[in-house]
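> I am sharing my_file26.txt, which consists of compact mmCIF, C-alpha atoms and all ligand atoms:
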```
# COMPACT_ATOMS: atom_id res chain seq x y z
CA MET P 7 13.71 -2.05 22.32
CA GLN P 8 16.98 -0.93 20.75
CA PRO P 9 18.24 -3.59 18.36
CA GLN P 10 21.57 -5.06 19.36
CA TRP P 11 23.09 -4.85 15.90
CA GLU P 12 22.62 -2.46 13.05
CA VAL P 13 23.14 -2.44 9.29
CA ALA P 14 25.75 0.25 9.95
CA ASP P 15 27.79 -2.21 12.07
CA VAL P 16 28.22 -4.43 9.02
CA LEU P 17 28.96 -1.55 6.64
CA ARG P 18 31.68 -0.24 8.95
CA LYS P 19 33.55 -3.54 8.61
CA VAL P 20 33.71 -3.33 4.82
CA ASP P 21 36.16 -1.32 2.75
CA LEU P 22 33.46 0.57 0.85
CA SER P 23 35.79 2.19 -1.67
CA ASN P 24 36.86 -1.22 -2.95
CA GLN P 25 33.57 -2.89 -3.91
CA ASN P 26 32.63 -1.55 -7.36
CA PHE P 27 29.85 0.63 -6.03
CA THR P 28 28.60 3.63 -7.98
CA VAL P 29 29.42 7.02 -6.48
CA HIS P 30 25.80 7.38 -5.33
CA GLN P 31 25.75 3.94 -3.70
CA GLU P 32 29.03 4.52 -1.89
CA LYS P 33 27.89 7.92 -0.68
CA THR P 34 24.67 6.44 0.66
CA LEU P 35 26.44 3.58 2.43
CA ARG P 36 28.90 6.01 4.02
CA ALA P 37 26.06 8.23 5.24
CA LEU P 38 24.54 5.22 7.00
CA THR P 39 27.80 4.35 8.74
CA LEU P 40 27.97 7.89 10.16
CA CYS P 41 24.35 8.14 11.32
CA ARG P 42 24.16 9.21 14.98
CA THR P 43 27.89 9.19 15.48
CA ALA P 44 30.17 12.02 16.58
CA ALA P 45 31.09 12.58 12.91
CA LEU P 46 27.72 14.22 12.23
CA GLY P 47 27.89 16.43 15.30
CA GLY P 48 25.26 16.61 17.98
CA HIS P 49 22.48 18.74 19.36
CA VAL P 50 21.35 19.71 22.84
CA ASP P 51 17.74 19.31 23.90
CA ALA P 52 16.39 20.95 27.02
CA CYS P 53 13.27 19.40 28.51
CA ASP P 54 10.38 21.88 28.64
CA ALA P 55 8.97 20.13 31.70
CA CYS P 56 11.92 19.64 34.04
CA GLY P 57 14.77 21.56 32.43
CA ASN P 58 16.87 18.42 32.11
CA ILE P 59 19.45 18.72 29.35
CA SER P 60 20.30 15.85 27.01
CA ILE P 61 22.83 15.64 24.22
CA SER P 62 22.40 13.40 21.20
CA TYR P 63 24.19 12.85 17.91
CA ASN P 64 22.59 14.01 14.67
CA SER P 65 21.09 11.48 12.29
CA CYS P 66 21.90 11.10 8.60
CA ARG P 67 18.27 11.48 7.36
CA ASN P 68 19.07 9.31 4.38
CA ARG P 69 15.97 7.55 3.05
CA HIS P 70 17.79 4.22 2.93
CA CYS P 71 18.78 4.38 6.59
CA PRO P 72 16.92 1.98 8.89
CA LYS P 73 17.29 4.46 11.77
CA CYS P 74 15.86 7.49 9.97
CA GLN P 75 12.34 6.39 8.98
CA GLY P 76 10.01 7.23 11.87
CA HIS P 77 9.61 10.96 11.45
CA LYS P 78 8.90 11.01 7.72
CA ARG P 79 6.47 8.16 8.15
CA GLU P 80 4.32 10.08 10.58
CA GLU P 81 3.98 13.08 8.29
CA TRP P 82 3.23 10.88 5.35
CA ILE P 83 0.50 8.92 7.12
CA GLN P 84 -1.26 12.08 8.25
CA ALA P 85 -1.30 13.36 4.70
CA ARG P 86 -2.78 10.04 3.52
CA GLU P 87 -5.58 10.14 6.09
CA GLN P 88 -6.74 13.28 4.33
CA ASP P 89 -7.50 11.59 1.07
CA LEU P 90 -8.94 8.20 1.84
CA LEU P 91 -12.46 7.24 0.84
CA PRO P 92 -14.71 5.14 3.08
CA CYS P 93 -14.60 1.87 1.17
CA SER P 94 -12.75 -1.40 0.96
CA TYR P 95 -9.31 -1.26 -0.61
CA TYR P 96 -7.77 -3.90 -2.79
CA HIS P 97 -4.13 -4.86 -2.43
CA LEU P 98 -2.39 -6.23 -5.49
CA VAL P 99 1.30 -7.05 -5.85
CA PHE P 100 2.91 -6.97 -9.32
CA THR P 101 6.28 -8.72 -9.56
CA LEU P 102 8.99 -8.54 -12.22
CA PRO P 103 10.46 -11.88 -13.35
CA ASP P 104 14.03 -12.43 -12.16
CA SER P 105 15.27 -12.63 -15.76
CA LEU P 106 15.00 -8.82 -15.68
CA ASN P 107 17.31 -8.44 -12.66
CA GLY P 108 20.38 -7.69 -14.77
CA LEU P 109 18.58 -4.86 -16.57
CA ALA P 110 17.17 -3.54 -13.28
CA ILE P 111 20.69 -3.34 -11.82
CA ALA P 112 22.10 -1.63 -14.91
CA HIS P 113 19.17 0.75 -15.53
CA PRO P 114 17.13 1.01 -12.32
CA LYS P 115 15.59 4.38 -13.15
CA ILE P 116 14.16 3.18 -16.44
CA VAL P 117 13.11 -0.32 -15.40
CA TYR P 118 11.33 0.82 -12.22
CA LYS P 119 9.63 3.71 -14.01
CA ILE P 120 8.33 1.28 -16.60
CA LEU P 121 7.11 -0.96 -13.80
CA PHE P 122 5.05 1.89 -12.29
CA ASP P 123 3.77 3.00 -15.71
CA SER P 124 2.78 -0.43 -16.98
CA VAL P 125 0.98 -1.39 -13.75
CA TRP P 126 -1.08 1.79 -13.69
CA SER P 127 -1.78 1.57 -17.39
CA THR P 128 -3.05 -1.98 -16.84
CA LEU P 129 -5.34 -1.14 -13.92
CA ASN P 130 -6.55 2.02 -15.60
CA GLN P 131 -7.48 0.02 -18.69
CA PHE P 132 -9.41 -2.57 -16.65
CA GLY P 133 -11.26 0.23 -14.85
CA LYS P 134 -12.10 2.05 -18.08
CA THR P 135 -13.51 -1.18 -19.53
CA GLU P 136 -16.09 -1.04 -16.77
CA GLY P 137 -16.60 2.69 -17.21
CA LEU P 138 -14.74 3.62 -14.04
CA GLN P 139 -11.87 5.97 -13.30
CA LEU P 140 -9.89 4.17 -10.59
CA GLY P 141 -7.20 5.39 -8.23
CA MET P 142 -4.05 3.81 -6.82
CA ILE P 143 -1.23 4.26 -4.35
CA ALA P 144 1.79 2.27 -5.52
CA ILE P 145 4.87 1.49 -3.44
CA LEU P 146 8.05 0.06 -4.93
CA HIS P 147 9.87 -2.67 -3.01
CA THR P 148 13.02 -4.06 -4.60
CA TRP P 149 13.92 -6.75 -2.09
CA GLY P 150 13.13 -10.29 -1.17
CA GLN P 151 13.48 -11.69 2.35
CA ASN P 152 17.16 -12.63 1.93
CA LEU P 153 18.02 -9.16 0.55
CA SER P 154 18.21 -10.42 -3.01
CA LEU P 155 16.81 -8.33 -5.87
CA HIS P 156 13.08 -8.96 -6.16
CA PRO P 157 11.38 -5.86 -7.57
CA HIS P 158 7.65 -5.69 -6.94
CA LEU P 159 4.98 -3.04 -6.69
CA HIS P 160 2.43 -2.97 -3.86
CA CYS P 161 -0.76 -1.37 -5.16
CA ILE P 162 -3.55 -0.16 -2.94
CA ILE P 163 -6.71 0.49 -4.91
CA PRO P 164 -10.00 1.92 -3.62
CA GLY P 165 -12.88 -0.52 -4.16
CA GLY P 166 -14.71 1.81 -6.49
CA GLY P 167 -14.25 4.62 -8.95
CA ILE P 168 -15.83 7.55 -10.72
CA ASP P 169 -18.34 6.74 -13.44
CA ALA P 170 -19.09 8.68 -16.64
CA ASN P 171 -21.41 11.04 -14.75
CA GLY P 172 -18.70 11.92 -12.26
CA LYS P 173 -20.38 9.92 -9.50
CA TRP P 174 -18.71 7.50 -7.10
CA LYS P 175 -19.53 3.90 -7.77
CA ARG P 176 -18.57 1.11 -5.44
CA LYS P 177 -17.10 -2.00 -6.94
CA ILE P 178 -16.97 -4.71 -4.36
CA LYS P 179 -16.85 -8.31 -5.32
CA ALA P 180 -17.62 -11.27 -3.14
CA ASP P 181 -14.21 -12.81 -3.79
CA LYS P 182 -10.98 -11.07 -2.98
CA TYR P 183 -10.10 -10.10 -6.52
CA LEU P 184 -10.76 -6.74 -8.04
CA PHE P 185 -10.11 -8.18 -11.48
CA ALA P 186 -9.00 -11.67 -12.48
CA VAL P 187 -5.29 -11.77 -11.65
CA LYS P 188 -4.53 -14.00 -14.64
CA ALA P 189 -5.96 -11.44 -17.03
CA LEU P 190 -4.15 -8.62 -15.22
CA SER P 191 -0.88 -10.50 -15.42
CA LYS P 192 -1.09 -10.92 -19.20
CA VAL P 193 -1.89 -7.28 -19.87
CA PHE P 194 0.76 -6.12 -17.40
CA ARG P 195 3.43 -8.23 -19.12
CA ALA P 196 2.45 -7.01 -22.60
CA LYS P 197 2.50 -3.37 -21.52
CA PHE P 198 5.79 -3.69 -19.66
CA VAL P 199 7.53 -5.36 -22.60
CA ALA P 200 6.10 -2.79 -25.05
CA LEU P 201 7.53 0.06 -22.94
CA LEU P 202 10.85 -1.72 -22.51
CA ARG P 203 11.07 -2.25 -26.27
CA LYS P 204 10.88 1.52 -26.79
CA GLU P 205 13.90 2.02 -24.52
CA LYS P 206 16.06 -0.18 -26.77
CA LEU P 207 17.90 -1.68 -23.80
CA ALA P 208 17.28 -5.32 -24.64
CA ASP P 209 17.47 -7.15 -27.96
CA ALA P 210 14.49 -8.78 -29.65
CA HIS P 211 15.38 -12.26 -28.41
CA VAL P 212 15.47 -11.21 -24.76
CA LEU P 213 12.20 -9.31 -25.14
CA GLN P 214 10.53 -12.31 -26.74
CA SER P 215 11.74 -14.65 -23.98
CA LEU P 216 9.92 -12.50 -21.42
CA PHE P 217 6.70 -14.01 -22.79
CA ASP P 218 7.83 -17.57 -21.99
CA LYS P 219 6.68 -17.39 -18.40
CA ASN P 220 3.58 -16.12 -16.66
CA TRP P 221 4.28 -12.99 -14.64
CA VAL P 222 3.20 -12.97 -11.04
CA VAL P 223 0.33 -10.77 -9.95
CA TYR P 224 -0.78 -11.59 -6.45
CA ALA P 225 -3.98 -10.46 -4.74
CA LYS P 226 -3.53 -10.01 -1.02
CA ARG P 227 -6.41 -9.85 1.40
CA PRO P 228 -8.26 -6.56 0.82
CA PHE P 229 -8.39 -3.92 3.52
CA GLY P 230 -11.77 -3.47 5.23
CA GLY P 231 -11.52 0.30 5.26
CA PRO P 232 -9.25 3.33 5.36
CA LYS P 233 -8.09 2.61 8.93
CA GLN P 234 -6.57 -0.73 7.96
CA VAL P 235 -4.96 0.86 4.93
CA ILE P 236 -3.30 3.51 7.05
CA GLU P 237 -2.11 0.88 9.51
CA TYR P 238 -0.59 -1.14 6.70
CA LEU P 239 1.02 1.87 5.07
CA GLY P 240 2.43 2.89 8.42
CA ARG P 241 4.14 -0.44 8.80
CA TYR P 242 5.37 -1.01 5.27
CA THR P 243 5.76 2.11 3.18
CA HIS P 244 8.82 3.48 4.84
CA LYS P 245 10.58 0.19 5.23
CA VAL P 246 14.12 -0.22 3.99
CA ALA P 247 15.58 -3.44 2.58
CA ILE P 248 16.24 -4.89 6.04
CA SER P 249 15.37 -3.61 9.50
CA ASN P 250 18.01 -3.57 12.21
CA HIS P 251 15.97 -6.04 14.27
CA ARG P 252 16.66 -8.76 11.71
CA ILE P 253 20.43 -8.52 12.20
CA LYS P 254 21.29 -11.21 14.70
CA ASN P 255 25.06 -11.18 14.87
CA VAL P 256 28.00 -9.35 13.33
CA THR P 257 31.65 -10.41 13.38
CA ASN P 258 34.64 -8.96 11.54
CA GLN P 259 33.93 -11.32 8.64
CA GLU P 260 30.28 -12.31 8.69
CA VAL P 261 26.76 -11.23 9.49
CA THR P 262 23.82 -13.43 10.45
CA ILE P 263 20.33 -12.28 9.50
CA ALA P 264 16.88 -13.66 10.23
CA TYR P 265 14.47 -14.15 7.34
CA LYS P 266 11.11 -15.73 6.65
CA ASP P 267 11.13 -18.67 4.28
CA TYR P 268 7.85 -18.30 2.40
CA LYS P 269 8.47 -21.56 0.57
CA ASP P 270 8.62 -23.38 3.89
CA GLY P 271 5.50 -22.27 5.74
CA SER P 272 6.96 -18.80 6.49
CA LYS P 273 9.29 -20.29 9.09
CA THR P 274 11.86 -17.89 10.48
CA LYS P 275 15.36 -19.04 9.58
CA GLN P 276 18.84 -17.62 9.80
CA LEU P 277 21.30 -16.90 7.04
CA THR P 278 24.98 -16.05 7.39
CA LEU P 279 26.69 -13.93 4.74
CA LYS P 280 30.15 -12.46 4.32
CA ASN P 281 30.03 -8.78 5.25
CA GLU P 282 30.98 -7.84 1.69
CA GLU P 283 28.13 -9.95 0.26
CA PHE P 284 25.62 -8.44 2.69
CA THR P 285 26.79 -4.97 1.66
CA ARG P 286 26.56 -5.85 -2.01
CA ARG P 287 22.99 -7.12 -1.57
CA PHE P 288 22.03 -4.11 0.54
CA SER P 289 23.38 -1.78 -2.17
CA LEU P 290 21.02 -3.34 -4.75
CA HIS P 291 18.18 -1.56 -2.95
CA ILE P 292 19.65 1.91 -3.02
CA LEU P 293 17.37 3.75 -5.42
CA PRO P 294 18.57 6.32 -7.94
CA LYS P 295 18.75 9.87 -6.61
CA ARG P 296 15.34 11.50 -6.22
CA PHE P 297 13.58 8.43 -7.57
CA VAL P 298 10.00 8.56 -6.24
CA ARG P 299 9.09 5.20 -4.74
CA ILE P 300 5.54 5.97 -3.59
CA ARG P 301 3.26 7.27 -6.33
CA HIS P 302 -0.38 8.29 -6.58
CA TYR P 303 -2.62 7.77 -9.56
CA GLY P 304 -6.08 8.47 -10.92
CA ILE P 305 -8.53 9.71 -8.31
CA LEU P 306 -5.73 9.67 -5.71
CA SER P 307 -3.30 11.68 -7.84
CA SER P 308 -2.22 15.19 -6.95
CA SER P 309 -4.31 16.80 -9.70
CA TRP P 310 -7.42 15.15 -8.28
CA LYS P 311 -6.50 16.22 -4.79
CA ARG P 312 -6.61 19.86 -5.88
CA GLY P 313 -10.39 20.01 -5.56
CA LYS P 314 -12.14 17.09 -7.21
CA LEU P 315 -11.37 14.64 -4.42
CA GLN P 316 -12.56 17.12 -1.81
CA GLN P 317 -15.81 17.57 -3.75
CA LEU P 318 -16.27 13.81 -3.88
CA GLN P 319 -15.62 13.48 -0.16
CA HIS P 320 -18.14 16.25 0.43
CA ASP P 321 -20.73 14.46 -1.72
CA LEU P 322 -20.13 11.29 0.25
CA ASN P 323 -20.41 13.15 3.57
CA ILE P 324 -16.86 12.43 4.64
CA ILE P 325 -15.32 14.55 7.31
CA ARG P 326 -11.68 15.18 6.50
CA PRO P 327 -9.50 14.77 9.57
CA GLU P 328 -7.71 17.96 10.55
CA ILE P 329 -3.93 17.86 10.31
CA GLU P 330 -2.67 18.23 13.85
CA THR P 331 -0.06 20.87 14.29
CA LYS P 332 2.98 19.32 15.91
CA THR P 333 3.52 20.26 19.51
CA GLN P 334 6.65 22.30 19.92
CA LEU P 335 7.09 21.12 23.50
CA LYS P 336 10.13 18.91 23.95
CA LYS P 337 10.19 16.48 26.82
CA CYS P 338 12.94 14.22 28.06
CA TYR P 339 12.61 10.48 28.66
CA CYS P 340 11.73 10.92 32.33
CA CYS P 341 8.77 13.26 31.79
ZN ZN K 401 12.15 16.12 31.85
ZN ZN K 402 20.29 7.58 9.54
ZN ZN K 403 6.94 -6.04 -0.57
```
What is this file in structure tokens?

Amino acid sequence: MQPQWEVADVLRKVDLSNQNFTVHQEKTLRALTLCRTAALGGHVDACDACGNISISYNSCRNRHCPKCQGHKREEWIQAREQDLLPCSYYHLVFTLPDSLNGLAIAHPKIVYKILFDSVWSTLNQFGKTEGLQLGMIAILHTWGQNLSLHPHLHCIIPGGGIDANGKWKRKIKADKYLFAVKALSKVFRAKFVALLRKEKLADAHVLQSLFDKNWVVYAKRPFGGPKQVIEYLGRYTHKVAISNHRIKNVTNQEVTIAYKDYKDGSKTKQLTLKNEEFTRRFSLHILPKRFVRIRHYGILSSSWKRGKLQQLQHDLNIIRPEIETKTQLKKCYCC
């Protein structure tokens, strides 16, 4: 069903040039307001079945646009099906403490890169301790349910790795943890702070205070196999900060959004914000230009995929699914 309201409806009611946005943020927001409007021009599709002609407006194709996600997602999922191993997959979420939000807003490129690097370095170290080369797909989310800044990394990790002899070794534990999350959290924090220290963005006092609290590493229910992983990735990887379906009402001044309150039994509640505040929060999740938000590591990295992974799949008798070539036939809604 077409959502009644869209993020773009809110953005159109805000004077975007007057909100202290960076050039990149403002450009992105403007692109979203123009998506599938006459301003971007249109294209004509003729139905290959009945000859019916339909005209539609062009889309903005911006990666932050809630309307422009479907197509890329499909391609991405097909590519992922090619490199999944038949095993359980662990799902860990690494979260930055909110005391780092100011730094993340001022230096997103650096802070988020350090987040990726420190998480992989942590997992890699835990794997190596057990003599295993692990792999990981990591997806950066920067938002919480109410659109506030809440940077966290979703990590999907095959339940096994490559041992010293180059052989696949399963590592499945009875409980849902790959490694003890408490131990992971400590190492993750130490590695993150060490990398941040090198960047010289925060003074010694701020860096030290990051050790005052435990950092949150959360183990979600593992995936039973590659199929569940793909399903999950399909739903979540190409999400933007808020989907259009969660926008419940828009007036000239305010917008009402639905959100899940995880602190209150995940009840769905509603929140009303000034349009300017909604736009400000939405802009926090616009990533730096060309920043890669889905990354592959270890035995799922691109260097592994150039041969070694295929060899492993062959050894394990896995049949790689063929990539379907897209049908060129265009059909209209009625056919
Ligand atoms: Zn037709
Ligand atoms: Zn768009
Ligand atoms: Zn998330």
> One number please: CA of Leu293 in chain P to CA of Trp310 in chain P, in Å, one decimal.
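These atoms are spaced 27.4 Å apart.
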> For Ser105 in chain P, which residue among P:Leu22, P:Leu155, P:Ile263, P:Ile143 is the nearest when counting all atoms listed in the file?
P:Leu155
> Using only C-alpha atoms and all ligand atoms, find each protein or nucleic acid residue lying at most 9 Å from ligand ZN 402 (chain K); present the set as a short mmCIF file (atom, residue, chain, number, x, y, z; two decimals) with C-alpha atoms, in the frame of the given file.

```
data_model
loop_
_atom_site.label_atom_id
_atom_site.label_comp_id
_atom_site.auth_asym_id
_atom_site.auth_seq_id
_atom_site.Cartn_x
_atom_site.Cartn_y
_atom_site.Cartn_z
CA ALA P 37 26.06 8.23 5.24
CA LEU P 38 24.54 5.22 7.00
CA THR P 39 27.80 4.35 8.74
CA LEU P 40 27.97 7.89 10.16
CA CYS P 41 24.35 8.14 11.32
CA ARG P 42 24.16 9.21 14.98
CA ASN P 64 22.59 14.01 14.67
CA SER P 65 21.09 11.48 12.29
CA CYS P 66 21.90 11.10 8.60
CA ARG P 67 18.27 11.48 7.36
CA ASN P 68 19.07 9.31 4.38
CA ARG P 69 15.97 7.55 3.05
CA HIS P 70 17.79 4.22 2.93
CA CYS P 71 18.78 4.38 6.59
CA PRO P 72 16.92 1.98 8.89
CA LYS P 73 17.29 4.46 11.77
CA CYS P 74 15.86 7.49 9.97
CA GLN P 75 12.34 6.39 8.98
#
```
> Give the answer as one residue: which of P:Pro103, P:Gly137, P:Pro228, P:Gly150 has the shortest atom-to-atom distance to Tyr268 in chain P, using all atoms listed in the file?
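Smallest distance to Tyr268 in chain P is found for P:Gly150.
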> Could you work out how far CA of Ser191 in chain P lies from CA of Tyr238 in chain P, giving the answer in Å with one decimal?
24.0 Å
> Report as a Markdown table: every residue of chain P with an atom at most 9 Å from ligand ZN 403 (chain K), its closest pair of atoms, and their distance in Å to one decimal, counting all atoms listed in the file, with rows sorted by chain and ascending residue number.

```
| residue | atom | partner | partner_atom | distance |
| --- | --- | --- | --- | --- |
| P:Val99 | CA | K:ZN403 | ZN | 7.8 |
| P:Ile145 | CA | K:ZN403 | ZN | 8.3 |
| P:Leu146 | CA | K:ZN403 | ZN | 7.6 |
| P:His147 | CA | K:ZN403 | ZN | 5.1 |
| P:Thr148 | CA | K:ZN403 | ZN | 7.6 |
| P:Trp149 | CA | K:ZN403 | ZN | 7.2 |
| P:Gly150 | CA | K:ZN403 | ZN | 7.5 |
| P:His156 | CA | K:ZN403 | ZN | 8.8 |
| P:Pro157 | CA | K:ZN403 | ZN | 8.3 |
| P:His158 | CA | K:ZN403 | ZN | 6.4 |
| P:Leu159 | CA | K:ZN403 | ZN | 7.1 |
| P:His160 | CA | K:ZN403 | ZN | 6.4 |
| P:Tyr242 | CA | K:ZN403 | ZN | 7.9 |
```
> Would you please work out which residue, of P:Ala200, P:Cys56, P:Ala186, P:Leu153, is nearest to Thr278 in chain P when using only C-alpha atoms?
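Closest to Thr278 in chain P of all the choices is P:Leu153.
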> Go through P:Phe229, P:Tyr265, P:Phe122, P:Phe185 one by one, measure the shortest atom-to-atom distance of each to Arg252 in chain P using all atoms listed in the file, and give the residue with the smallest value.
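Using all atoms listed in the file, Arg252 in chain P sits closest to P:Tyr265.
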> As a list in words, please: the residues near range 298-303 of chain P (cut-off 8 Å, all atoms listed in the file, same-chain neighbours under 2 positions excluded).
Trp126, Gly141, Met142, Ile143, Ala144, Ile145, Leu146, Thr243, Arg296, Ile305, Leu306, Ser307 and Ser308 of chain P
> Which is closest to ligand ZN 401 (chain K) among P:Thr43, P:Asn58, P:Gln151, P:Asn171, if we use all atoms listed in the file?
P:Asn58
> Counting all atoms listed in the file, which of P:Lys206, P:Lys197, P:Lys295, P:Arg312 gets nearest to Asp123 in chain P?
P:Lys197
